[in-house]
Amino acid sequence: MSKPVYTSIPPTTDYAYWMLKFTDGKTSIFVPRDKDLDRQLKVKFQAEVAGRTSVRRKKDNR
């Protein structure tokens, strides 16, 4: 079975991406299995958000 290709950070139901670190019955803490991939996806997401907000600001300043 091949590894899924991620283009964004998936929800915590994706157990191929996330690993359960802690649970006490009420709270569950998940951590990414591949920290490098998680960092790359976060950087990509932040760049997309920054791009969207800068375009919005330019339109608002007209």
# chains A, B, ... in the order shown; residues from 1 in each chain; ligands from 1
$ residues_around --residues "A:Ser8" --least-positions-apart "2" --cutoff "7 Å" --atoms "only C-alpha atoms" --output "list in words"
Tyr6, Pro10 and Leu41 of chain A
$ write_last_selection --atoms "N, CA and C atoms" --output "PDB file, in the first residue's frame"
ATOM      1  N   TYR A   6      -0.060  14.238   0.710  1.00  0.00           N
ATOM      2  CA  TYR A   6      -0.794  15.291   1.405  1.00  0.00           C
ATOM      3  C   TYR A   6      -0.491  16.649   0.791  1.00  0.00           C
ATOM      4  N   PRO A  10      -4.483  17.143   7.207  1.00  0.00           N
ATOM      5  CA  PRO A  10      -5.776  16.472   7.258  1.00  0.00           C
ATOM      6  C   PRO A  10      -6.405  16.526   8.648  1.00  0.00           C
ATOM      7  N   LEU A  41       3.804  21.474   5.328  1.00  0.00           N
ATOM      8  CA  LEU A  41       2.405  21.799   5.054  1.00  0.00           C
ATOM      9  C   LEU A  41       1.982  23.070   5.779  1.00  0.00           C
TER      10      LEU A  41
END
$ select_by_dssp --residues "chain A" --states "strand (DSSP E)" --output "number ranges by chain"
A: 18-23, 28-32
$ write_last_selection --atoms "N, CA and C atoms" --output "CSV table (one decimal), in the first residue's frame"
chain,number,residue,atom,x,y,z
A,18,TRP,N,-1.8,11.2,11.6
A,18,TRP,CA,-1.7,11.5,13.0
A,18,TRP,C,-1.5,10.3,13.9
A,19,MET,N,-0.9,10.6,15.0
A,19,MET,CA,-0.6,9.5,16.0
A,19,MET,C,-1.2,10.0,17.4
A,20,LEU,N,-1.9,9.2,18.1
A,20,LEU,CA,-2.4,9.5,19.4
A,20,LEU,C,-1.3,9.6,20.4
A,21,LYS,N,-1.1,10.8,21.0
A,21,LYS,CA,0.0,10.9,22.0
A,21,LYS,C,-0.6,10.7,23.4
A,22,PHE,N,-1.8,11.2,23.7
A,22,PHE,CA,-2.3,11.2,25.0
A,22,PHE,C,-3.8,11.2,25.0
A,23,THR,N,-4.4,10.5,25.9
A,23,THR,CA,-5.9,10.6,26.1
A,23,THR,C,-6.2,10.3,27.5
A,28,SER,N,-8.0,14.3,23.9
A,28,SER,CA,-7.1,13.5,23.1
A,28,SER,C,-6.1,14.5,22.5
A,29,ILE,N,-4.8,14.1,22.5
A,29,ILE,CA,-3.8,14.9,21.9
A,29,ILE,C,-3.2,14.1,20.8
A,30,PHE,N,-3.2,14.7,19.6
A,30,PHE,CA,-2.6,14.0,18.4
A,30,PHE,C,-1.4,14.7,18.0
A,31,VAL,N,-0.4,14.0,17.5
A,31,VAL,CA,0.8,14.6,16.9
A,31,VAL,C,1.0,14.0,15.6
A,32,PRO,N,1.7,14.8,14.7
A,32,PRO,CA,1.9,14.2,13.3
A,32,PRO,C,3.0,13.1,13.4
$ closest_residue --among "A:Lys42, A:Ala47, A:Arg33, A:Ser54" --to "A:Asp14" --atoms "only C-alpha atoms"
A:Arg33
$ decode --residues "chain A" --atoms "C-alpha atoms" --output "compact mmCIF listing (two decimals), in the first residue's frame"
# COMPACT_ATOMS: atom_id res chain seq x y z
CA MET A 1 0.00 0.00 0.00
CA SER A 2 1.44 3.39 -0.98
CA LYS A 3 1.62 6.43 1.29
CA PRO A 4 -1.02 9.10 0.70
CA VAL A 5 0.18 12.38 -0.81
CA TYR A 6 -0.79 15.29 1.40
CA THR A 7 -1.40 18.79 0.06
CA SER A 8 -2.81 20.13 3.33
CA ILE A 9 -3.00 19.09 6.97
CA PRO A 10 -5.78 16.47 7.26
CA PRO A 11 -8.34 16.15 10.06
CA THR A 12 -7.42 14.01 13.06
CA THR A 13 -9.48 11.12 11.67
CA ASP A 14 -6.58 10.41 9.28
CA TYR A 15 -4.59 7.94 11.37
CA ALA A 16 -1.97 7.55 8.62
CA TYR A 17 -0.97 11.18 9.31
CA TRP A 18 -1.72 11.54 13.03
CA MET A 19 -0.61 9.51 16.03
CA LEU A 20 -2.42 9.54 19.37
CA LYS A 21 -0.04 10.91 22.00
CA PHE A 22 -2.30 11.19 25.04
CA THR A 23 -5.89 10.62 26.05
CA ASP A 24 -7.62 10.80 29.41
CA GLY A 25 -11.13 9.93 28.23
CA LYS A 26 -12.16 13.56 27.68
CA THR A 27 -9.15 15.03 25.90
CA SER A 28 -7.07 13.53 23.12
CA ILE A 29 -3.79 14.94 21.89
CA PHE A 30 -2.65 13.99 18.41
CA VAL A 31 0.81 14.62 16.95
CA PRO A 32 1.91 14.22 13.34
CA ARG A 33 3.78 11.03 12.54
CA ASP A 34 6.09 12.88 10.12
CA LYS A 35 7.15 16.18 11.70
CA ASP A 36 9.00 17.36 8.56
CA LEU A 37 5.91 16.89 6.40
CA ASP A 38 3.77 18.69 8.98
CA ARG A 39 6.19 21.65 9.02
CA GLN A 40 6.21 21.83 5.20
CA LEU A 41 2.40 21.80 5.05
CA LYS A 42 2.15 24.51 7.74
CA VAL A 43 4.61 26.75 5.85
CA LYS A 44 2.65 26.22 2.63
CA PHE A 45 -0.63 27.04 4.38
CA GLN A 46 0.81 30.19 5.98
CA ALA A 47 2.08 31.38 2.57
CA GLU A 48 -1.38 30.83 1.04
CA VAL A 49 -3.07 32.78 3.85
CA ALA A 50 -0.54 35.61 3.56
CA GLY A 51 -1.13 35.75 -0.20
CA ARG A 52 -4.90 35.91 0.23
CA THR A 53 -4.76 38.65 2.84
CA SER A 54 -2.33 40.79 0.82
CA VAL A 55 -4.60 40.57 -2.25
CA ARG A 56 -7.60 41.50 -0.09
CA ARG A 57 -5.75 44.51 1.35
CA LYS A 58 -4.82 45.74 -2.14
CA LYS A 59 -8.48 45.56 -3.21
CA ASP A 60 -9.62 47.38 -0.07
CA ASN A 61 -7.15 50.22 -0.62
CA ARG A 62 -8.51 51.13 -4.06
